[in-house]
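Here is the structure we will look at, set down as structure tokens.
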Amino acid sequence: MSGFVEKPEPAQVPGLVHLHTGKVRELYRNDAGDLIMVASDRLSAFDWVLPTPIPDKGRVLTQLSLWWFDQLADLMPNHVVSTELPPGAPADWAGRTLVCKSLEMVPVECVARGYLTGSGLLEYNETRTVCGLALPEGLEDGSEIPAPIFTPATKAAVGEHDENVSYEEVARQVGAETAAHLRQSTLAVYGRARDIARERGIILADTKFEFGFDKEGTLVLGDEVLTPDSSRFWPADQWQPGRPQPSYDKQFVRNWLTSPASGWDRKSEQPPPALPDDVVAATRAKYIEAYELLTGIPWS
């Protein structure tokens with residue numbers, strides 16, 4: 001059992017139809033047919049959406065995504081139409097709301113990996129492959145992969161795991177032409193972002209993208225992009241293969257939940273407890289640090 005510890009009630013806004021409550025975002029549609037994405041301060045870990053919010057997290061995710069969309073604009077179109085608040089929207093939607101094109105989303109998590117860790121490391125240790133792609137002997141946790149690889153996954157519902165799949169399976173599901181376009185686009189965007197992050201002293205170890213087709217049939221980058229929720233960012237000056245790397249994300253939360261201090265058994269069916277203030281503050285600080293280092297803009 002997993003999912004929401006406490007499922008939130010979405011705000012009701014005149015002229016907007018609520019479509020979906022995700023792990024982090026609320027999704028609405030306006031009268032023009034555009035999608036309204038509102039990033040909350042919710043945080044998920046171990047397939048649970050936790051009961052304790054991280055202040056400013058939704059704003060960080062939104063503002064960092066907008067910054068990245070600008071960096072990638074010449075490489076890949078994106079779904080953003082406007083950042084204006086819909087009439088009658090709650091004041092706290094400011095800075096965390098995007099008006100977006102309605103896309104026909106491709107049902108694939110498009111993952112690019114430049115370094116070996118996480119589920120990729122687990123598969124490599126068993127088979128020396130990741131999503132069916134053979135990798136050299138001798139790699140360990142945090143090793144740089146000789147060239148970035150496309151390692152897609154199926155999109156899971158809230159409370160369920162994404163499942164890594166082969167490129168061949170993606171081609172079977174969405175067609176060979178679309179699969180090839182997804183792989184090329186994913187690796188191109190990853191390459192651009194990796195180089196930008198590297199200039200700022202950050203390693204982009206891996207990241208996931210979501211793509212969809214607009215009404216003209218153009219493949220468009222959607223959802224959030226290159227945030228600490230969708231990516232692994234590591235400080236380059238502390239990179240040391242052979243161990244877990246320090247990261248700009250919710251690792252403080254994962255560490256606390258799996259420590260004796262939380263009193264939570266991950267293997268039980270009980271939901272995780274509320275987070276203590278120091279873990280919330282440390283996690284918020286990491287999200288803001290990632291934003292400031294990547295963009296060069298002080299958080300306010």
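Following the order of the structure tokens, chains are lettered A, B, ..., residues in each are numbered from 1, and ligands are numbered from 1.
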Using only C-alpha atoms, find each residue in segment 108-226 of chain A having at least one atom no more than 9 Å away from segment 62-71 of chain A; report its shortest atom-to-atom pair and that distance in Å (one decimal), rows by chain then rising number, as JSON lines.
{"residue": "A:Arg192", "atom": "CA", "partner": "A:Gln71", "partner_atom": "CA", "distance": 8.5}
{"residue": "A:Ala193", "atom": "CA", "partner": "A:Trp68", "partner_atom": "CA", "distance": 8.1}
{"residue": "A:Ile196", "atom": "CA", "partner": "A:Gln71", "partner_atom": "CA", "distance": 8.8}
{"residue": "A:Leu221", "atom": "CA", "partner": "A:Phe69", "partner_atom": "CA", "distance": 8.7}
{"residue": "A:Asp223", "atom": "CA", "partner": "A:Ser65", "partner_atom": "CA", "distance": 8.8}
{"residue": "A:Glu224", "atom": "CA", "partner": "A:Ser65", "partner_atom": "CA", "distance": 5.6}
{"residue": "A:Val225", "atom": "CA", "partner": "A:Ser65", "partner_atom": "CA", "distance": 5.1}
{"residue": "A:Leu226", "atom": "CA", "partner": "A:Ser65", "partner_atom": "CA", "distance": 6.5}
Would you mind exporting N, CA, C and O atoms of the selected residues as an mmCIF file, in the first residue's frame?
data_model
loop_
_atom_site.group_PDB
_atom_site.id
_atom_site.type_symbol
_atom_site.label_atom_id
_atom_site.label_comp_id
_atom_site.auth_asym_id
_atom_site.auth_seq_id
_atom_site.Cartn_x
_atom_site.Cartn_y
_atom_site.Cartn_z
ATOM 1 N N ARG A 192 22.784 19.165 -23.706
ATOM 2 C CA ARG A 192 22.818 20.621 -23.502
ATOM 3 C C ARG A 192 22.790 20.944 -21.999
ATOM 4 O O ARG A 192 23.593 21.758 -21.515
ATOM 5 N N ALA A 193 21.882 20.314 -21.275
ATOM 6 C CA ALA A 193 21.740 20.613 -19.849
ATOM 7 C C ALA A 193 22.968 20.165 -19.058
ATOM 8 O O ALA A 193 23.406 20.866 -18.132
ATOM 9 N N ILE A 196 25.640 22.819 -19.475
ATOM 10 C CA ILE A 196 25.326 24.037 -18.721
ATOM 11 C C ILE A 196 25.560 23.814 -17.231
ATOM 12 O O ILE A 196 26.160 24.655 -16.542
ATOM 13 N N LEU A 221 8.324 19.385 -25.499
ATOM 14 C CA LEU A 221 8.763 19.075 -24.144
ATOM 15 C C LEU A 221 7.727 19.599 -23.163
ATOM 16 O O LEU A 221 7.360 20.772 -23.201
ATOM 17 N N ASP A 223 5.573 19.053 -19.026
ATOM 18 C CA ASP A 223 5.709 18.818 -17.589
ATOM 19 C C ASP A 223 6.791 19.735 -17.008
ATOM 20 O O ASP A 223 7.011 20.833 -17.482
ATOM 21 N N GLU A 224 7.473 19.286 -15.959
ATOM 22 C CA GLU A 224 8.614 20.031 -15.435
ATOM 23 C C GLU A 224 9.860 19.545 -16.162
ATOM 24 O O GLU A 224 9.865 18.493 -16.811
ATOM 25 N N VAL A 225 10.945 20.301 -16.022
ATOM 26 C CA VAL A 225 12.168 19.888 -16.710
ATOM 27 C C VAL A 225 13.385 20.264 -15.875
ATOM 28 O O VAL A 225 13.489 21.382 -15.371
ATOM 29 N N LEU A 226 14.265 19.276 -15.669
ATOM 30 C CA LEU A 226 15.581 19.483 -15.066
ATOM 31 C C LEU A 226 15.508 20.151 -13.698
ATOM 32 O O LEU A 226 16.243 21.087 -13.389
#
Just the residues within 9 Å of Tyr287 of chain A, please, counting only C-alpha atoms, with nothing from its chain fewer than 3 positions along; format it as a ChimeraX atom specification.
/A:56-57,60-61,227-228,248-250,282-284,290-292
Give me a file of those residues, with all heavy atoms, as a CSV table (one decimal), in the first residue's frame.
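In the end it all went to result-v3.csv:
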chain,number,residue,atom,x,y,z
A,56,ASP,N,8.1,26.6,-0.3
A,56,ASP,CA,8.7,27.2,-1.6
A,56,ASP,C,9.1,26.1,-2.6
A,56,ASP,O,9.5,26.5,-3.7
A,56,ASP,CB,10.0,28.0,-1.3
A,56,ASP,CG,9.7,29.3,-0.6
A,56,ASP,OD1,8.7,29.9,-1.0
A,56,ASP,OD2,10.4,29.7,0.3
A,57,LYS,N,8.9,24.8,-2.3
A,57,LYS,CA,9.3,23.8,-3.3
A,57,LYS,C,8.6,24.0,-4.6
A,57,LYS,O,9.2,23.9,-5.7
A,57,LYS,CB,9.0,22.4,-2.7
A,57,LYS,CG,9.3,21.3,-3.7
A,57,LYS,CD,9.2,19.9,-2.9
A,57,LYS,CE,9.4,18.8,-3.9
A,57,LYS,NZ,8.2,18.5,-4.7
A,60,VAL,N,10.1,26.8,-6.6
A,60,VAL,CA,11.4,26.5,-7.1
A,60,VAL,C,11.3,25.6,-8.3
A,60,VAL,O,11.9,25.9,-9.4
A,60,VAL,CB,12.2,25.8,-6.0
A,60,VAL,CG1,13.5,25.2,-6.6
A,60,VAL,CG2,12.6,26.7,-4.9
A,61,LEU,N,10.4,24.6,-8.3
A,61,LEU,CA,10.3,23.7,-9.4
A,61,LEU,C,9.8,24.5,-10.6
A,61,LEU,O,10.3,24.2,-11.8
A,61,LEU,CB,9.3,22.6,-9.1
A,61,LEU,CG,9.6,21.6,-8.0
A,61,LEU,CD1,8.6,20.5,-7.8
A,61,LEU,CD2,11.0,21.0,-8.2
A,227,THR,N,14.6,19.7,-12.9
A,227,THR,CA,14.5,20.1,-11.5
A,227,THR,C,15.1,19.0,-10.6
A,227,THR,O,15.3,17.9,-11.0
A,227,THR,CB,13.0,20.3,-11.1
A,227,THR,OG1,12.4,19.1,-11.0
A,227,THR,CG2,12.3,21.2,-12.1
A,228,PRO,N,15.3,19.4,-9.3
A,228,PRO,CA,15.7,18.3,-8.3
A,228,PRO,C,14.7,17.2,-8.2
A,228,PRO,O,15.1,16.1,-7.6
A,228,PRO,CB,15.9,19.1,-7.0
A,228,PRO,CG,16.2,20.5,-7.5
A,228,PRO,CD,15.3,20.7,-8.7
A,248,TYR,N,21.5,17.4,-4.6
A,248,TYR,CA,20.6,18.6,-4.4
A,248,TYR,C,19.2,18.1,-4.6
A,248,TYR,O,18.6,18.3,-5.6
A,248,TYR,CB,20.9,19.7,-5.4
A,248,TYR,CG,22.3,20.2,-5.3
A,248,TYR,CD1,23.3,19.8,-6.2
A,248,TYR,CD2,22.7,21.2,-4.3
A,248,TYR,CE1,24.6,20.4,-6.1
A,248,TYR,CE2,23.9,21.7,-4.2
A,248,TYR,CZ,24.9,21.3,-5.1
A,248,TYR,OH,26.2,21.8,-5.0
A,249,ASP,N,18.7,17.4,-3.6
A,249,ASP,CA,17.3,16.9,-3.8
A,249,ASP,C,16.8,16.5,-2.4
A,249,ASP,O,17.2,17.1,-1.4
A,249,ASP,CB,17.2,15.7,-4.7
A,249,ASP,CG,18.1,14.5,-4.3
A,249,ASP,OD1,18.6,14.5,-3.1
A,249,ASP,OD2,18.3,13.6,-5.1
A,250,LYS,N,15.9,15.5,-2.4
A,250,LYS,CA,15.2,15.2,-1.1
A,250,LYS,C,15.9,14.1,-0.4
A,250,LYS,O,15.2,13.3,0.4
A,250,LYS,CB,13.7,14.8,-1.5
A,250,LYS,CG,13.6,13.7,-2.5
A,250,LYS,CD,12.2,13.6,-3.0
A,250,LYS,CE,12.1,12.7,-4.2
A,250,LYS,NZ,10.7,12.7,-4.8
A,282,ALA,N,16.3,21.6,5.9
A,282,ALA,CA,17.5,21.2,5.2
A,282,ALA,C,17.1,20.9,3.7
A,282,ALA,O,17.8,21.2,2.8
A,282,ALA,CB,18.1,20.0,5.8
A,283,THR,N,15.9,20.3,3.6
A,283,THR,CA,15.5,19.9,2.2
A,283,THR,C,15.1,21.2,1.4
A,283,THR,O,15.5,21.3,0.3
A,283,THR,CB,14.2,19.0,2.3
A,283,THR,OG1,14.6,17.8,3.1
A,283,THR,CG2,13.8,18.6,0.9
A,284,ARG,N,14.4,22.1,2.1
A,284,ARG,CA,14.1,23.4,1.4
A,284,ARG,C,15.4,24.1,1.0
A,284,ARG,O,15.5,24.6,-0.2
A,284,ARG,CB,13.3,24.3,2.3
A,284,ARG,CG,13.1,25.7,1.8
A,284,ARG,CD,12.3,26.6,2.8
A,284,ARG,NE,12.1,27.9,2.2
A,284,ARG,CZ,12.9,28.9,2.3
A,284,ARG,NH1,14.1,28.8,2.9
A,284,ARG,NH2,12.6,30.1,1.7
A,290,ALA,N,20.1,24.5,-5.3
A,290,ALA,CA,20.2,24.0,-6.7
A,290,ALA,C,19.7,25.1,-7.6
A,290,ALA,O,20.4,25.4,-8.7
A,290,ALA,CB,19.4,22.8,-6.8
A,291,TYR,N,18.6,25.8,-7.3
A,291,TYR,CA,18.1,26.9,-8.1
A,291,TYR,C,19.2,28.0,-8.3
A,291,TYR,O,19.4,28.4,-9.4
A,291,TYR,CB,16.8,27.4,-7.5
A,291,TYR,CG,16.3,28.7,-8.2
A,291,TYR,CD1,15.5,28.6,-9.4
A,291,TYR,CD2,16.7,29.9,-7.8
A,291,TYR,CE1,15.1,29.7,-10.0
A,291,TYR,CE2,16.3,31.1,-8.5
A,291,TYR,CZ,15.5,31.0,-9.6
A,291,TYR,OH,15.0,32.1,-10.2
A,292,GLU,N,19.8,28.4,-7.2
A,292,GLU,CA,20.7,29.5,-7.2
A,292,GLU,C,22.0,29.2,-8.0
A,292,GLU,O,22.5,30.0,-8.8
A,292,GLU,CB,21.0,30.0,-5.8
A,292,GLU,CG,19.8,30.6,-5.1
A,292,GLU,CD,20.1,31.2,-3.8
A,292,GLU,OE1,21.1,30.7,-3.1
A,292,GLU,OE2,19.4,32.1,-3.3
Shortest contact to Trp256 of chain A, candidates A:Pro146, A:Pro276, A:Pro51, A:Pro90, atoms counted only C-alpha atoms, goes to A:Pro276
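Distances from A:Asn125, A:Gln240, A:Thr97, A:Ser185 to Glu144 of chain A were compared using only C-alpha atoms, and the smallest one belongs to A:Gln240.
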Report as an mmCIF file with N, CA and C atoms, in the first residue's frame all protein, DNA and RNA residues lying within 7 Å of Pro271 of chain A, evaluated on only C-alpha atoms, omitting residues in the same chain fewer than 2 positions from it.
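Result saved to around07.cif:
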data_model
loop_
_atom_site.group_PDB
_atom_site.id
_atom_site.type_symbol
_atom_site.label_atom_id
_atom_site.label_comp_id
_atom_site.auth_asym_id
_atom_site.auth_seq_id
_atom_site.Cartn_x
_atom_site.Cartn_y
_atom_site.Cartn_z
ATOM 1 N N VAL A 5 -0.561 10.046 1.839
ATOM 2 C CA VAL A 5 -0.859 9.908 3.262
ATOM 3 C C VAL A 5 -2.140 10.672 3.573
ATOM 4 N N GLU A 269 2.857 -1.617 5.827
ATOM 5 C CA GLU A 269 1.813 -0.933 5.062
ATOM 6 C C GLU A 269 1.391 0.365 5.727
ATOM 7 N N PRO A 273 5.613 8.919 8.729
ATOM 8 C CA PRO A 273 5.211 9.983 9.660
ATOM 9 C C PRO A 273 5.507 11.369 9.109
#
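Ranking A:Leu182, A:Ala94, A:Ala171, A:Val106 by their shortest atom-to-atom distance to Phe213 of chain A, with only C-alpha atoms included, puts A:Val106 first.
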Within 9 Å of Trp93 of chain A, counting only C-alpha atoms, which residues show up once you throw out same-chain ones fewer than 5 positions away? Write them as a ChimeraX atom specification, please.
/A:38-40,59,85
Write out as a short mmCIF file (atom, residue, chain, number, x, y, z; two decimals) with N, CA, C and O atoms, in the first residue's frame which residues come within 7 Å of Glu109 of chain A when counting only C-alpha atoms, dropping same-chain ones fewer than 3 positions away.
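selection_39.cif, written as the output of this step:
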data_model
loop_
_atom_site.label_atom_id
_atom_site.label_comp_id
_atom_site.auth_asym_id
_atom_site.auth_seq_id
_atom_site.Cartn_x
_atom_site.Cartn_y
_atom_site.Cartn_z
N PRO A 152 14.45 4.33 -21.07
CA PRO A 152 13.05 4.71 -20.84
C PRO A 152 12.39 3.88 -19.75
O PRO A 152 12.87 2.81 -19.35
N ALA A 153 11.26 4.39 -19.28
CA ALA A 153 10.47 3.70 -18.26
C ALA A 153 8.99 3.93 -18.56
O ALA A 153 8.61 4.91 -19.20
N THR A 154 8.17 3.00 -18.09
CA THR A 154 6.73 3.20 -18.18
C THR A 154 6.30 4.19 -17.11
O THR A 154 6.91 4.28 -16.04
N LYS A 155 5.24 4.95 -17.39
CA LYS A 155 4.72 5.91 -16.43
C LYS A 155 3.76 5.21 -15.49
O LYS A 155 2.82 4.55 -15.92
N LYS A 208 14.80 12.85 -16.18
CA LYS A 208 13.70 12.29 -16.98
C LYS A 208 12.87 13.42 -17.56
O LYS A 208 12.67 14.47 -16.93
N PHE A 209 12.39 13.19 -18.77
CA PHE A 209 11.57 14.15 -19.49
C PHE A 209 10.25 13.50 -19.86
O PHE A 209 10.14 12.28 -19.96
N GLU A 210 9.26 14.36 -20.10
CA GLU A 210 8.00 13.91 -20.67
C GLU A 210 7.73 14.73 -21.93
O GLU A 210 7.91 15.95 -21.94
#
What residues in segment 48-237 of chain A get the DSSP label alpha helix (DSSP H)? Please answer as a PyMOL selection string.
chain A and resi 57-72+118-127+167-174+176-199
DSSP-assigned strand (DSSP E or B) among segment 74-226 of chain A, expressed as number ranges by chain:
A: 78, 80-82, 97-100, 104-105, 108-115, 129-130, 133-134, 144-150, 153-154, 163-164, 202-213, 219-222
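Considering the residues A:Asp141, A:Phe4, A:Val24, A:Val81 and counting only C-alpha atoms, Leu50 of chain A has its shortest atom-to-atom contact with A:Phe4.
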Could you tell me how far atom CA of Ala285 of chain A lies from atom CA of Gly263 of chain A, in Å and to one decimal?
24.4 Å
Compile a residue-level contact table for segment 215-261 of chain A against segment 115-123 of chain A at a cut-off of 12 Å, reporting for every qualifying residue the shortest atom pair and its distance in Å to one decimal, with only C-alpha atoms counted, rows ordered by chain and ascending number, as a Markdown table.
| residue | atom | partner | partner_atom | distance |
| --- | --- | --- | --- | --- |
| A:Ser231 | CA | A:Gly118 | CA | 11.5 |
| A:Arg232 | CA | A:Thr117 | CA | 9.5 |
| A:Phe233 | CA | A:Tyr115 | CA | 10.8 |
| A:Trp234 | CA | A:Tyr115 | CA | 10.6 |
| A:Trp239 | CA | A:Tyr115 | CA | 11.0 |
| A:Gln240 | CA | A:Tyr115 | CA | 11.6 |
| A:Pro241 | CA | A:Leu116 | CA | 9.2 |
| A:Gly242 | CA | A:Thr117 | CA | 10.0 |
| A:Arg243 | CA | A:Thr117 | CA | 9.5 |
| A:Pro244 | CA | A:Thr117 | CA | 8.0 |
| A:Gln245 | CA | A:Thr117 | CA | 9.2 |
In Å and to one decimal, atom CA of Asp31 of chain A is distant from atom CA of Ser102 of chain A by 12.0 Å
For atom CA of Thr83 of chain A and atom CA of Leu98 of chain A, quote the distance in Å rounded to one decimal.
4.9 Å
Residues at most 7 Å from Val80 of chain A, counting only C-alpha atoms, excluding those fewer than 5 positions away in the same chain, as a PDB file with N, CA, C and O atoms, in the first residue's frame?
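Listed below is the output, result33.pdb:
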ATOM      1  N   LEU A  98       1.677  27.430 -14.336  1.00  0.00           N
ATOM      2  CA  LEU A  98       1.959  27.547 -15.764  1.00  0.00           C
ATOM      3  C   LEU A  98       0.684  27.290 -16.553  1.00  0.00           C
ATOM      4  O   LEU A  98      -0.043  26.337 -16.269  1.00  0.00           O
ATOM      5  N   VAL A  99       0.423  28.153 -17.527  1.00  0.00           N
ATOM      6  CA  VAL A  99      -0.615  27.885 -18.519  1.00  0.00           C
ATOM      7  C   VAL A  99       0.090  27.215 -19.703  1.00  0.00           C
ATOM      8  O   VAL A  99       1.060  27.762 -20.232  1.00  0.00           O
ATOM      9  N   CYS A 100      -0.381  26.024 -20.074  1.00  0.00           N
ATOM     10  CA  CYS A 100       0.349  25.189 -21.025  1.00  0.00           C
ATOM     11  C   CYS A 100      -0.537  24.730 -22.177  1.00  0.00           C
ATOM     12  O   CYS A 100      -1.754  24.600 -22.033  1.00  0.00           O
ATOM     13  N   LYS A 101       0.099  24.445 -23.303  1.00  0.00           N
ATOM     14  CA  LYS A 101      -0.598  23.794 -24.405  1.00  0.00           C
ATOM     15  C   LYS A 101      -1.123  22.444 -23.957  1.00  0.00           C
ATOM     16  O   LYS A 101      -0.455  21.731 -23.200  1.00  0.00           O
TER      17      LYS A 101
END
Contacts of Ala261 of chain A at 12 Å (only C-alpha atoms; same-chain gap of 3+ positions) as a list of chain:residue names:
A:Val253, A:Arg254, A:Asn255, A:Trp256, A:Leu257, A:Thr258, A:Trp264, A:Asp265, A:Pro273, A:Ala274, A:Leu275, A:Pro276, A:Val279
Which residue is closest to Thr151 of chain A? Choose from A:Ala197, A:Ala112, A:Val170, A:Leu187 and count only C-alpha atoms.
A:Ala112
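Comparing A:Leu103, A:Val220, A:Leu43, A:Val189 by their smallest distance to Val280 of chain A, the closest is A:Leu43 (using only C-alpha atoms).
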